[in-house]
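**Student:** Okay, here's the structure, questions in a sec.
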Amino acid sequence: MMESIDNISIKGYTHIPYHTDTCTVEESVVKSNSFYEWLDTRRSVREFSDRPVPRELIENLIKSASTAPSGAHKQPWTFCAVSNPIVKTQIRKGAEIEEKENYEKRMSERWKKDLEPFDTDMNKPFLEEAPWLIVVFKKAYEYDDKGNKHNNYYVNESIGIACGMLISAIHNAGLVTLTHTPSPMNFLGKVLGRSSNERAFMLLPVGYAKQPTFVPGLKRKELDEVAVFYE
Ligand code: IYR
C-alpha cells in the first residue's frame with residue numbers, strides 16, 4: 001500500500017502528489033521496446049472500410065489527444081468530429097478544389113516526384129469513405145470573460161504534440177488514419193462554422209482499414225540516422 005501524501009500549496013496554488021506506476025529499469029526497457037515495436041506497426045492508410053465507428057470511440061480518442069502538454073496549459077485546440085455525410089461531402093469538395101490547384105500549379109515537380117511512391121493525387125475519396133473526419137483547429141488567441149484578447153503560447157508545438165497523441169490513440173484503438181493537410185485549409189473553418197480565432201491545422205480521416213489494404217513498402221531511418229548521443 002502506498003502511503004498517502006497530502007496536497008501542498010506553492011505560491012497559493014494547490015499541487016497534488018503525482019502517482020505513476022513504479023517499475024524496475026529492466027521492466028522499463030521491456031516496456032519501451034514493446035511500445036516502439038507496436039508504434040512501428042502504424043502506417044498512414046488511405047483506404048477505409050465502411051465498418052461503423054461509434055461516437056464513444058471518437059470521444060475517447062479526442063479526450064486522449066487533449067491530454068497533450070500545451071503552453072501554460074492553455075490547450076489551444078478544438079477537435080471537430082464529422083460523421084455527417086453532407087458535411088463530409090462539402091469537406092471533400094473543398095479539399096479537392098485546393099488539391100487540384102496544388103497538384104496542377106503550386107507543387108514543384110520535385111515534390112510530385114517525391115510523392116510518387118505514395119500514389120496520391122487530387123482526388124480524396126477517403127474524405128467521404130472514412131466514417132469520421134477529425135478536423136483539428138488551433139486557437140492562436142482567445143477572449144476572456146471581459147472580451148479581452150489573449151494570445152496563446154507555443155501553439156504550433158502544442159497542437160503538433162496533440163495531433164501526434166491523437167494518431168497514437170487511433171492506432172491503439174485498432175483504427176487507421178492519415179494526416180491530410182489540403183492547404184490552404186481556410187475552407188474548413190467556413191464549412192464547419194468555426195470562429196475567427198480557430199485556424200484549421202490538420203484533417204484526420206478515421207476508421208477501420210479496408211481489407212485487404214496495401215501501403216507503400218517504405219523503410220524507416222535507422223536510429224543512427226535520427227539520433228546523436230552525447231554521453
Ligand atoms: N496535400 C497533398 C499532397 C501531399 C503532400 C505530402 I508532403 C504528403 O506526404 C502527401 C500528400 C495530398 O494530400 O495529396
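By order in the C-alpha cells, chains are A, B, ...; within a chain, residues start at 1; ligands start at 1, following the order shown.
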Can you list, as JSON, numbers by chain, every protein, DNA or RNA residue that comes within 12 Å of Ala81 of chain A when you count only C-alpha atoms, leaving out same-chain residues fewer than 5 positions away?
**Tutor:** {"A": [53, 54, 55, 56, 57, 58, 59, 60, 61, 62, 87, 88, 130, 131, 132, 133, 134, 135, 136, 137, 192, 203, 204, 205, 206]}
**Student:** Using only C-alpha atoms, determine which residues lie at most 7 Å from segment 65-74 of chain A, disregarding the query and same-chain residues fewer than 3 positions distant; provide the list as a PyMOL selection string.
**Tutor:** chain A and resi 61-62+152-154+158+161-163+165-166
**Student:** Got time to write the residues from that selection, all heavy atoms, as a tab-separated table (two decimals), in the first residue's frame?
**Tutor:**
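Generated file (out.tsv):
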chain	number	residue	atom	x	y	z
A	61	LEU	N	-10.79	9.06	-28.23
A	61	LEU	CA	-9.59	9.48	-28.96
A	61	LEU	C	-9.32	10.96	-28.71
A	61	LEU	O	-8.18	11.38	-28.49
A	61	LEU	CB	-9.76	9.25	-30.47
A	61	LEU	CG	-10.04	7.82	-30.94
A	61	LEU	CD1	-10.25	7.79	-32.45
A	61	LEU	CD2	-8.92	6.88	-30.53
A	62	ILE	N	-10.37	11.76	-28.77
A	62	ILE	CA	-10.21	13.21	-28.59
A	62	ILE	C	-9.80	13.52	-27.15
A	62	ILE	O	-8.93	14.36	-26.90
A	62	ILE	CB	-11.49	13.96	-29.01
A	62	ILE	CG1	-11.71	13.79	-30.52
A	62	ILE	CG2	-11.41	15.44	-28.63
A	62	ILE	CD1	-13.04	14.33	-31.03
A	152	ASN	N	-2.30	32.77	-27.22
A	152	ASN	CA	-1.83	31.53	-26.59
A	152	ASN	C	-0.34	31.37	-26.85
A	152	ASN	O	0.25	32.13	-27.62
A	152	ASN	CB	-2.63	30.34	-27.12
A	152	ASN	CG	-4.01	30.29	-26.48
A	152	ASN	OD1	-4.15	30.59	-25.29
A	152	ASN	ND2	-5.03	29.93	-27.25
A	153	TYR	N	0.28	30.40	-26.19
A	153	TYR	CA	1.73	30.24	-26.26
A	153	TYR	C	2.09	28.93	-26.97
A	153	TYR	O	1.44	27.93	-26.79
A	153	TYR	CB	2.33	30.20	-24.85
A	153	TYR	CG	1.77	31.26	-23.94
A	153	TYR	CD1	0.79	30.94	-22.99
A	153	TYR	CD2	2.18	32.58	-24.04
A	153	TYR	CE1	0.26	31.92	-22.16
A	153	TYR	CE2	1.65	33.57	-23.22
A	153	TYR	CZ	0.69	33.23	-22.28
A	153	TYR	OH	0.15	34.19	-21.48
A	154	TYR	N	3.17	28.97	-27.74
A	154	TYR	CA	3.68	27.76	-28.39
A	154	TYR	C	2.55	26.94	-29.01
A	154	TYR	O	2.42	25.73	-28.80
A	154	TYR	CB	4.47	26.90	-27.40
A	154	TYR	CG	5.69	27.60	-26.86
A	154	TYR	CD1	5.69	28.17	-25.59
A	154	TYR	CD2	6.83	27.73	-27.65
A	154	TYR	CE1	6.81	28.85	-25.12
A	154	TYR	CE2	7.95	28.41	-27.19
A	154	TYR	CZ	7.93	28.96	-25.92
A	154	TYR	OH	9.03	29.62	-25.47
A	158	SER	N	2.26	22.91	-29.39
A	158	SER	CA	1.23	22.25	-28.57
A	158	SER	C	0.31	21.40	-29.43
A	158	SER	O	0.04	20.23	-29.13
A	158	SER	CB	0.40	23.30	-27.82
A	158	SER	OG	1.23	24.13	-27.05
A	161	ILE	N	1.93	18.27	-30.90
A	161	ILE	CA	2.01	17.17	-29.93
A	161	ILE	C	0.65	16.50	-29.78
A	161	ILE	O	0.53	15.27	-29.77
A	161	ILE	CB	2.50	17.68	-28.55
A	161	ILE	CG1	3.91	18.27	-28.66
A	161	ILE	CG2	2.49	16.55	-27.53
A	161	ILE	CD1	4.33	19.08	-27.43
A	162	ALA	N	-0.40	17.32	-29.69
A	162	ALA	CA	-1.77	16.77	-29.53
A	162	ALA	C	-2.13	15.89	-30.73
A	162	ALA	O	-2.73	14.83	-30.57
A	162	ALA	CB	-2.78	17.90	-29.34
A	163	CYS	N	-1.74	16.33	-31.93
A	163	CYS	CA	-2.04	15.52	-33.12
A	163	CYS	C	-1.25	14.21	-33.08
A	163	CYS	O	-1.78	13.15	-33.45
A	163	CYS	CB	-1.72	16.29	-34.40
A	163	CYS	SG	-2.93	17.59	-34.74
A	165	MET	N	-0.37	12.61	-30.43
A	165	MET	CA	-1.02	11.74	-29.44
A	165	MET	C	-2.34	11.20	-29.99
A	165	MET	O	-2.71	10.05	-29.71
A	165	MET	CB	-1.19	12.50	-28.13
A	165	MET	CG	0.19	12.74	-27.49
A	165	MET	SD	0.20	13.73	-26.00
A	165	MET	CE	-0.68	12.70	-24.87
A	166	LEU	N	-3.03	12.01	-30.77
A	166	LEU	CA	-4.28	11.55	-31.39
A	166	LEU	C	-3.99	10.39	-32.35
A	166	LEU	O	-4.70	9.37	-32.35
A	166	LEU	CB	-4.93	12.73	-32.14
A	166	LEU	CG	-6.21	12.44	-32.91
A	166	LEU	CD1	-7.31	11.90	-31.99
A	166	LEU	CD2	-6.71	13.70	-33.63
**Student:** Identify, counting only C-alpha atoms and all ligand atoms, the protein, DNA and RNA residues located within 9 Å of ligand 1, and give them as a PyMOL selection string.
**Tutor:** chain A and resi 95+98-99+102-103+107+111-112+114-115+118-124+179-183
**Student:** Can you list, as number ranges by chain, every residue of segment 100-216 of chain A that DSSP puts in alpha helix (DSSP H)?
**Tutor:** A: 100-101, 109-115, 126-129, 155-172, 186-191
**Student:** Can you list, as a list in words, all residues belonging to segment 52-174 of chain A that DSSP tags as strand (DSSP E or B)?
**Tutor:**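 Assigned to strand (DSSP E or B), within segment 52-174 of chain A: Trp77, Thr78, Phe79, Cys80, Ala81, Val82, Trp132, Leu133, Ile134, Val135, Val136, Phe137, Lys138, Lys139, Tyr141, Glu142, Tyr143, Lys149, His150 and Asn151 of chain A.
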**Student:** Find the distance between atom CA of Leu218 of chain A and atom CA of Lys100 of chain A and write it in Å to one decimal.
**Tutor:**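 Interatomic distance here is 26.1 Å.
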**Student:** Calculate how many Å separate atom CA of Ala209 of chain A from atom CA of Trp77 of chain A, rounding to one decimal.
**Tutor:**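 Between atom CA of Ala209 of chain A and atom CA of Trp77 of chain A the gap works out to 26.9 Å.
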